>>> print(open('upload33.csv').read())   # CSV, C-alpha atoms
chain,number,residue,atom,x,y,z
I,921,MET,CA,22.6,91.0,-1.7
I,922,THR,CA,19.2,89.3,-1.0
I,923,ARG,CA,18.8,86.5,1.5
I,924,GLY,CA,18.4,84.0,-1.3
I,925,GLY,CA,21.5,85.4,-3.0
I,926,ALA,CA,23.6,85.0,0.1
I,927,ARG,CA,22.6,81.4,0.5
I,928,SER,CA,23.1,80.6,-3.2
I,929,VAL,CA,26.8,81.4,-2.9
I,930,LEU,CA,27.2,78.4,-0.5
I,931,ARG,CA,24.9,76.1,-2.5
I,932,ARG,CA,26.9,76.7,-5.7
I,933,VAL,CA,30.1,75.6,-3.8
I,934,GLY,CA,28.3,72.5,-2.6
I,935,ALA,CA,27.2,71.6,-6.1
I,936,SER,CA,30.9,72.0,-7.2
I,937,LEU,CA,31.9,69.5,-4.6
I,938,ARG,CA,29.4,67.0,-5.9
I,939,GLY,CA,30.7,67.7,-9.4
I,940,SER,CA,34.3,67.0,-8.3
I,941,GLY,CA,33.3,63.7,-6.7
I,942,GLY,CA,34.7,64.8,-3.3
I,943,LEU,CA,31.5,65.3,-1.2
I,944,HIS,CA,32.0,63.8,2.3
I,945,PRO,CA,30.0,63.9,5.5
I,946,GLU,CA,32.1,66.7,6.9
I,947,HIS,CA,31.1,68.8,3.9
I,948,GLY,CA,27.5,68.3,4.8
I,949,VAL,CA,28.2,69.5,8.4
I,950,TYR,CA,30.2,72.5,7.1
I,951,LEU,CA,27.6,73.6,4.6
I,952,ALA,CA,24.7,73.2,7.1
I,953,GLY,CA,26.6,75.3,9.6
I,954,ALA,CA,27.5,78.0,7.1
I,955,LEU,CA,23.9,78.1,5.8
I,956,ALA,CA,22.5,78.3,9.3
I,957,THR,CA,24.9,81.0,10.3
I,958,THR,CA,24.1,83.0,7.3
I,959,ALA,CA,20.4,82.7,8.0
I,960,LEU,CA,21.0,83.8,11.6
I,961,ALA,CA,23.1,86.7,10.5
I,962,LEU,CA,20.3,87.9,8.2
I,963,THR,CA,17.9,87.9,11.2
I,964,GLY,CA,20.3,89.6,13.5
I,965,ASP,CA,20.5,86.7,16.0
I,966,LYS,CA,24.0,86.3,17.4
I,967,ARG,CA,23.4,83.9,20.3
I,968,ILE,CA,22.8,80.8,18.3
I,969,GLN,CA,25.7,81.6,16.0
I,970,TYR,CA,28.0,80.4,18.7
I,971,ALA,CA,26.6,76.9,18.1
I,972,THR,CA,26.5,77.0,14.3
I,973,LYS,CA,29.5,79.1,13.3
I,974,THR,CA,31.9,77.0,15.5
I,975,THR,CA,31.1,73.9,13.5
I,976,LEU,CA,32.9,75.3,10.4
I,977,GLY,CA,36.6,75.0,11.5
I,978,PRO,CA,36.2,71.5,13.1
I,979,ALA,CA,34.4,70.3,9.9
I,980,LEU,CA,37.2,71.4,7.7
I,981,ALA,CA,39.7,69.9,10.2
I,982,ALA,CA,37.9,66.6,9.8
I,983,ARG,CA,38.3,67.0,6.1
I,984,VAL,CA,42.1,67.5,6.5
I,985,LEU,CA,42.4,64.5,8.7
I,986,ARG,CA,40.6,62.4,6.2
I,987,GLU,CA,43.2,63.3,3.6
I,988,ARG,CA,46.0,62.6,6.1
I,989,ARG,CA,44.7,59.2,6.9
I,990,ALA,CA,44.5,58.5,3.1
I,991,GLY,CA,48.1,59.5,2.7
I,992,ALA,CA,47.2,62.3,0.4
I,993,ILE,CA,49.0,65.0,2.5
I,994,ASP,CA,52.1,64.8,4.7
I,995,GLY,CA,52.6,65.7,8.3
I,996,VAL,CA,53.9,69.3,7.6
I,997,ASP,CA,50.9,70.1,5.4
I,998,THR,CA,48.5,68.6,8.0
I,999,ALA,CA,50.1,70.7,10.7
I,1000,LEU,CA,49.9,73.9,8.7
I,1001,LEU,CA,46.2,73.4,7.8
I,1002,LEU,CA,45.2,72.5,11.3
I,1003,ILE,CA,47.0,75.5,12.7
I,1004,GLY,CA,45.2,77.7,10.2
I,1005,LEU,CA,41.9,76.1,11.1
I,1006,ALA,CA,42.5,76.5,14.8
I,1007,GLY,CA,43.1,80.3,14.2
I,1008,ALA,CA,40.0,80.4,12.0
I,1009,THR,CA,37.8,78.8,14.7
I,1010,ALA,CA,39.1,81.3,17.3
I,1011,GLY,CA,38.5,84.1,14.9
I,1012,ASP,CA,35.0,82.9,14.1
I,1013,VAL,CA,34.0,83.1,17.8
I,1014,PHE,CA,35.4,86.7,18.2
I,1015,MET,CA,33.9,87.9,14.9
I,1016,ILE,CA,30.4,87.0,15.8
I,1017,ASP,CA,30.3,90.4,17.4
I,1018,ALA,CA,32.5,92.4,15.0
I,1019,ASP,CA,30.9,95.6,16.2
I,1020,ASP,CA,33.0,95.4,19.4
I,1021,ASP,CA,36.5,96.8,18.9
I,1022,GLU,CA,38.3,94.4,21.2
I,1023,ARG,CA,36.6,91.4,19.7
I,1024,LEU,CA,37.4,92.7,16.2
I,1025,ARG,CA,41.0,93.1,17.0
I,1026,ARG,CA,41.2,89.6,18.5
I,1027,GLY,CA,39.4,88.1,15.6
I,1028,ALA,CA,41.7,89.8,13.1
I,1029,SER,CA,44.7,88.5,15.0
I,1030,ALA,CA,43.4,84.9,15.1
I,1031,PHE,CA,42.6,85.1,11.3
I,1032,GLY,CA,46.1,86.4,10.8
I,1033,VAL,CA,47.5,83.1,12.2
I,1034,MET,CA,45.2,81.3,9.7
I,1035,GLN,CA,46.4,83.4,6.7
I,1036,SER,CA,50.1,83.0,7.7
I,1037,ALA,CA,49.7,79.2,7.8
I,1038,TYR,CA,47.8,79.1,4.5
I,1039,GLY,CA,50.4,81.3,2.8
I,1040,GLN,CA,53.2,79.0,4.0
I,1041,TYR,CA,51.3,76.0,2.7
I,1042,LEU,CA,50.9,77.6,-0.7
I,1043,ARG,CA,54.6,78.6,-0.9
I,1044,GLN,CA,55.6,75.0,-0.1
I,1045,HIS,CA,53.6,73.9,-3.1
I,1046,GLY,CA,55.4,76.3,-5.4
I,1047,ALA,CA,53.1,79.3,-5.4
I,1048,ARG,CA,54.9,82.5,-6.4
I,1049,PRO,CA,53.4,86.0,-6.5
I,1050,GLN,CA,52.6,87.4,-9.9
I,1051,LEU,CA,53.5,91.0,-10.4
I,1052,ARG,CA,50.0,92.2,-11.5
I,1053,THR,CA,48.2,90.4,-8.7
I,1054,ALA,CA,50.8,91.6,-6.1
I,1055,LEU,CA,50.4,95.2,-7.3
I,1056,VAL,CA,46.6,95.1,-7.0
I,1057,SER,CA,46.7,93.4,-3.6
I,1058,GLY,CA,49.3,95.9,-2.4
I,1059,ALA,CA,47.4,98.9,-3.6
I,1060,SER,CA,44.2,97.6,-2.0
I,1061,ALA,CA,45.9,97.0,1.3
I,1062,ALA,CA,47.4,100.5,1.3
I,1063,ALA,CA,44.1,102.1,0.5
I,1064,GLY,CA,42.4,100.0,3.1
I,1065,ALA,CA,45.0,100.9,5.7
I,1066,ALA,CA,44.6,104.6,5.0
I,1067,LEU,CA,40.9,104.4,5.3
I,1068,LEU,CA,41.1,102.5,8.5
I,1069,HIS,CA,43.5,105.0,10.1
I,1070,TRP,CA,41.1,107.8,9.1
I,1071,ARG,CA,37.8,106.2,10.1
I,1072,MET,CA,38.7,103.5,12.7
I,1073,PRO,CA,42.1,104.4,14.2
I,1074,GLN,CA,41.4,102.4,17.3
I,1075,VAL,CA,41.6,99.1,15.3
I,1076,ALA,CA,43.7,100.3,12.3
I,1077,PRO,CA,47.1,98.8,13.3
I,1078,THR,CA,45.7,95.2,13.9
I,1079,LEU,CA,43.4,95.2,10.9
I,1080,SER,CA,46.1,96.6,8.6
I,1081,GLY,CA,48.5,93.8,9.6
I,1082,TYR,CA,45.8,91.3,9.0
I,1083,SER,CA,45.1,92.8,5.6
I,1084,LEU,CA,48.7,92.3,4.7
I,1085,ALA,CA,48.6,88.6,5.6
I,1086,LEU,CA,45.4,88.1,3.7
I,1087,GLY,CA,46.7,90.0,0.7
I,1088,THR,CA,49.8,87.7,0.7
I,1089,THR,CA,47.7,84.5,0.8
I,1090,ALA,CA,45.3,85.8,-1.9
I,1091,THR,CA,48.2,86.8,-4.2
I,1092,LEU,CA,49.8,83.3,-3.8
I,1093,ALA,CA,46.5,81.6,-4.3
I,1094,ALA,CA,46.1,83.4,-7.6
I,1095,ASP,CA,49.3,82.0,-9.1
I,1096,PRO,CA,48.2,80.2,-12.3
I,1097,GLY,CA,51.1,77.8,-11.9
I,1098,LEU,CA,49.1,76.0,-9.2
I,1099,ALA,CA,46.7,74.7,-11.8
I,1100,PRO,CA,48.8,74.2,-14.9
I,1101,GLY,CA,46.7,73.7,-18.0
I,1102,ALA,CA,43.6,75.2,-16.5
I,1103,PRO,CA,41.6,77.7,-18.7
I,1104,ARG,CA,42.3,81.3,-18.0
I,1105,ILE,CA,40.6,84.6,-18.5
I,1106,ALA,CA,43.0,87.6,-18.8
I,1107,ASP,CA,45.6,85.3,-17.2
I,1108,VAL,CA,43.3,84.5,-14.2
I,1109,VAL,CA,42.4,80.9,-13.7
I,1110,ARG,CA,38.8,80.2,-14.4
I,1111,PRO,CA,37.2,78.0,-11.7
I,1112,ASP,CA,36.3,74.5,-12.9
I,1113,ALA,CA,33.9,72.4,-10.8
I,1114,ALA,CA,35.9,69.3,-11.5
I,1115,ASP,CA,39.3,70.6,-10.4
I,1116,PRO,CA,39.5,72.2,-6.9
I,1117,ARG,CA,43.0,73.6,-7.7
I,1118,THR,CA,41.2,76.2,-9.9
I,1119,TRP,CA,39.2,77.4,-6.9
I,1120,LEU,CA,42.2,78.9,-5.1
I,1121,GLY,CA,42.3,82.2,-6.9
I,1122,ALA,CA,38.6,82.8,-6.6
I,1123,GLY,CA,38.6,81.7,-3.0
I,1124,GLY,CA,41.3,84.3,-2.2
I,1125,MET,CA,39.4,87.0,-3.9
I,1126,LEU,CA,36.1,86.1,-2.2
I,1127,PHE,CA,37.9,86.0,1.1
I,1128,THR,CA,39.1,89.5,0.5
I,1129,ALA,CA,35.7,90.7,-0.5
I,1130,SER,CA,34.2,89.2,2.7
I,1131,ASP,CA,36.7,90.8,5.0
I,1132,ALA,CA,36.3,94.2,3.2
I,1133,ALA,CA,32.6,93.9,3.8
I,1134,ILE,CA,33.1,93.6,7.5
I,1135,VAL,CA,35.0,96.9,7.6
I,1136,GLY,CA,32.6,98.5,5.1
I,1137,ARG,CA,29.6,97.5,7.3
I,1138,ARG,CA,31.2,99.1,10.3
I,1139,MET,CA,32.2,102.3,8.6
I,1140,PHE,CA,29.3,103.2,6.3
I,1141,LEU,CA,26.1,101.3,7.1
I,1142,ARG,CA,23.7,102.6,9.7
I,1143,GLY,CA,20.3,101.0,9.0
I,1144,ALA,CA,19.5,97.7,10.8
I,1145,ALA,CA,18.3,96.0,7.6
I,1146,ALA,CA,21.3,97.0,5.5
I,1147,ARG,CA,23.7,95.9,8.3
I,1148,ARG,CA,22.0,92.5,8.5
I,1149,LEU,CA,22.2,92.0,4.8
I,1150,ALA,CA,25.8,93.0,4.8
I,1151,GLU,CA,26.5,90.5,7.6
I,1152,GLY,CA,24.7,87.8,5.7
I,1153,PHE,CA,27.0,88.5,2.7
I,1154,VAL,CA,30.1,88.4,5.0
I,1155,ILE,CA,29.1,84.9,6.4
I,1156,ALA,CA,28.1,83.4,3.1
I,1157,SER,CA,31.1,84.6,1.2
I,1158,TYR,CA,33.5,83.7,4.0
I,1159,GLY,CA,32.0,80.2,4.2
I,1160,ALA,CA,32.3,79.7,0.4
I,1161,ALA,CA,35.8,81.2,0.3
I,1162,HIS,CA,37.2,79.2,3.2
I,1163,LEU,CA,36.0,75.9,1.7
I,1164,MET,CA,37.3,76.8,-1.7
I,1165,LEU,CA,40.8,77.6,-0.3
I,1166,VAL,CA,41.0,74.4,1.8
I,1167,GLU,CA,39.8,72.1,-1.0
I,1168,GLY,CA,42.1,73.8,-3.4
I,1169,MET,CA,45.1,73.4,-1.1
I,1170,LEU,CA,44.3,69.7,-0.5
I,1171,ALA,CA,44.0,69.1,-4.2
I,1172,LEU,CA,47.6,70.4,-4.8
I,1173,ARG,CA,49.0,67.3,-3.2
I,1174,ARG,CA,46.6,64.9,-4.9
I,1175,ARG,CA,47.6,66.1,-8.5
>>> encode(input="upload33.csv", output="structure tokens")
Amino acid sequence: MTRGGARSVLRRVGASLRGSGGLHPEHGVYLAGALATTALALTGDKRIQYATKTTLGPALAARVLRERRAGAIDGVDTALLLIGLAGATAGDVFMIDADDDERLRRGASAFGVMQSAYGQYLRQHGARPQLRTALVSGASAAAGAALLHWRMPQVAPTLSGYSLALGTTATLAADPGLAPGAPRIADVVRPDAADPRTWLGAGGMLFTASDAAIVGRRMFLRGAAARRLAEGFVIASYGAAHLMLVEGMLALRRR
């Protein structure tokens, strides 16, 4: 992925927010933080990322609180989303240096809290695992765990547990029943800029790709330029995926 390609992922999500009529100041903070962090990742600068990346979770928390004040979500949903975002923010800090094994373990544990909260939110809104999606997620998680135990045994147990939590969330997010009536391609909901509920499945898949890239970067890439490009993809895809998931979950209550 080129530098422009990494940034365009986030710009497309921003355009979708404008198309859905739901662009708020906190979205501007989030997108600016995600774009800045992506640019810094592409240059290899980690120090300033502590200032830019840590704006992401709080910006989404402000978005959740806006919906709560408007009466669009209840207290339980608010608590689950804020717990998830607290875990994400802690994970963001640790994952700035994902080449350190201890920080990688702590980051995966924090993100596990996030995925568990999001999975519970989706279940409360009627999400049910579809057999085909569950089989694909399960096979991917099993293959990833085997690869981790072979190449990175020092972090394999923690990352395998996180992979299971992520796979559960991604499987639930892909349930077509969350966006009834939405167009599908091979029984997969097609994202529609005007309906954030349709972003859930794509958000889950993009989140999975982003996290797989973290491990792939550690295992297989050695050149500095390739590693920076991979990190840029990780940040850009994570930023887009997280926003799509949160907006999609918020939209479940509004419909």
>>> residues_around(input="upload33.csv", residues="segment 978-980 of chain I", least_positions_apart="3", cutoff="6 Å", atoms="all atoms listed in the file", output="JSON list (two decimals) with C-alpha atoms, in the coordinates of the input")
[["chain", "number", "residue", "atom", "x", "y", "z"],
["I", 946, "GLU", "CA", 32.10, 66.70, 6.90],
["I", 950, "TYR", "CA", 30.20, 72.50, 7.10],
["I", 975, "THR", "CA", 31.10, 73.90, 13.50],
["I", 983, "ARG", "CA", 38.30, 67.00, 6.10]]
>>> atom_distance(input="upload33.csv", atom1="atom CA of Met1139 of chain I", atom2="atom CA of Ser1083 of chain I")
16.3 Å
>>> atom_distance(input="upload33.csv", atom1="atom CA of Ala1062 of chain I", atom2="atom CA of Met1125 of chain I")
16.5 Å
>>> residues_around(input="upload33.csv", residues="segment 992-1006 of chain I", least_positions_apart="6", cutoff="7 Å", atoms="all atoms listed in the file", output="PyMOL selection string")
chain I and resi 977+981+984+1033-1035+1037-1038+1041+1173-1174
>>> closest_residue(input="upload33.csv", among="I:Trp1119, I:Phe1153, I:Phe1140, I:Tyr1158", to="Ala1008 of chain I", atoms="only C-alpha atoms")
I:Tyr1158
>>> residues_around(input="upload33.csv", residues="Leu976 of chain I", least_positions_apart="4", cutoff="12 Å", atoms="all atoms listed in the file", output="count of residues only")
37
>>> residues_around(input="upload33.csv", residues="Ala1061 of chain I", least_positions_apart="6", cutoff="10 Å", atoms="all atoms listed in the file", output="mmCIF file with C-alpha atoms, in the coordinates of the input")
data_model
loop_
_atom_site.group_PDB
_atom_site.id
_atom_site.type_symbol
_atom_site.label_atom_id
_atom_site.label_comp_id
_atom_site.auth_asym_id
_atom_site.auth_seq_id
_atom_site.Cartn_x
_atom_site.Cartn_y
_atom_site.Cartn_z
ATOM 1 C CA LEU I 1055 50.400 95.200 -7.300
ATOM 2 C CA LEU I 1067 40.900 104.400 5.300
ATOM 3 C CA SER I 1080 46.100 96.600 8.600
ATOM 4 C CA GLY I 1081 48.500 93.800 9.600
ATOM 5 C CA TYR I 1082 45.800 91.300 9.000
ATOM 6 C CA SER I 1083 45.100 92.800 5.600
ATOM 7 C CA LEU I 1084 48.700 92.300 4.700
ATOM 8 C CA ALA I 1085 48.600 88.600 5.600
ATOM 9 C CA LEU I 1086 45.400 88.100 3.700
ATOM 10 C CA GLY I 1087 46.700 90.000 0.700
#
>>> residues_around(input="upload33.csv", residues="Gly1097 of chain I", least_positions_apart="6", cutoff="9 Å", atoms="only C-alpha atoms", output="mmCIF file with C-alpha atoms, in the frame of the given file")
data_model
loop_
_atom_site.group_PDB
_atom_site.id
_atom_site.type_symbol
_atom_site.label_atom_id
_atom_site.label_comp_id
_atom_site.auth_asym_id
_atom_site.auth_seq_id
_atom_site.Cartn_x
_atom_site.Cartn_y
_atom_site.Cartn_z
ATOM 1 C CA GLY I 1046 55.400 76.300 -5.400
ATOM 2 C CA ALA I 1047 53.100 79.300 -5.400
ATOM 3 C CA ARG I 1048 54.900 82.500 -6.400
#
>>> closest_residue(input="upload33.csv", among="I:Thr1053, I:Gln1044, I:Ser1130, I:Thr1118", to="Gly1168 of chain I", atoms="all atoms listed in the file")
I:Thr1118
>>> atom_distance(input="upload33.csv", atom1="atom CA of Glu1167 of chain I", atom2="atom CA of Gly1121 of chain I")
12.0 Å
>>> closest_residue(input="upload33.csv", among="I:Asp1095, I:Leu1149, I:Pro1116, I:Phe1127", to="Arg1052 of chain I", atoms="all atoms listed in the file")
I:Asp1095
>>> closest_residue(input="upload33.csv", among="I:Pro1077, I:Trp1070, I:Ala990, I:Ala1093", to="Ala1161 of chain I", atoms="only C-alpha atoms")
I:Ala1093
>>> closest_residue(input="upload33.csv", among="I:Asp1131, I:Asp1021, I:Asp1115, I:Asp1107", to="Glu1151 of chain I", atoms="only C-alpha atoms")
I:Asp1131
>>> closest_residue(input="upload33.csv", among="I:Met1169, I:Ala1030, I:Gly1064, I:Ala1090", to="Ala1133 of chain I", atoms="only C-alpha atoms")
I:Gly1064
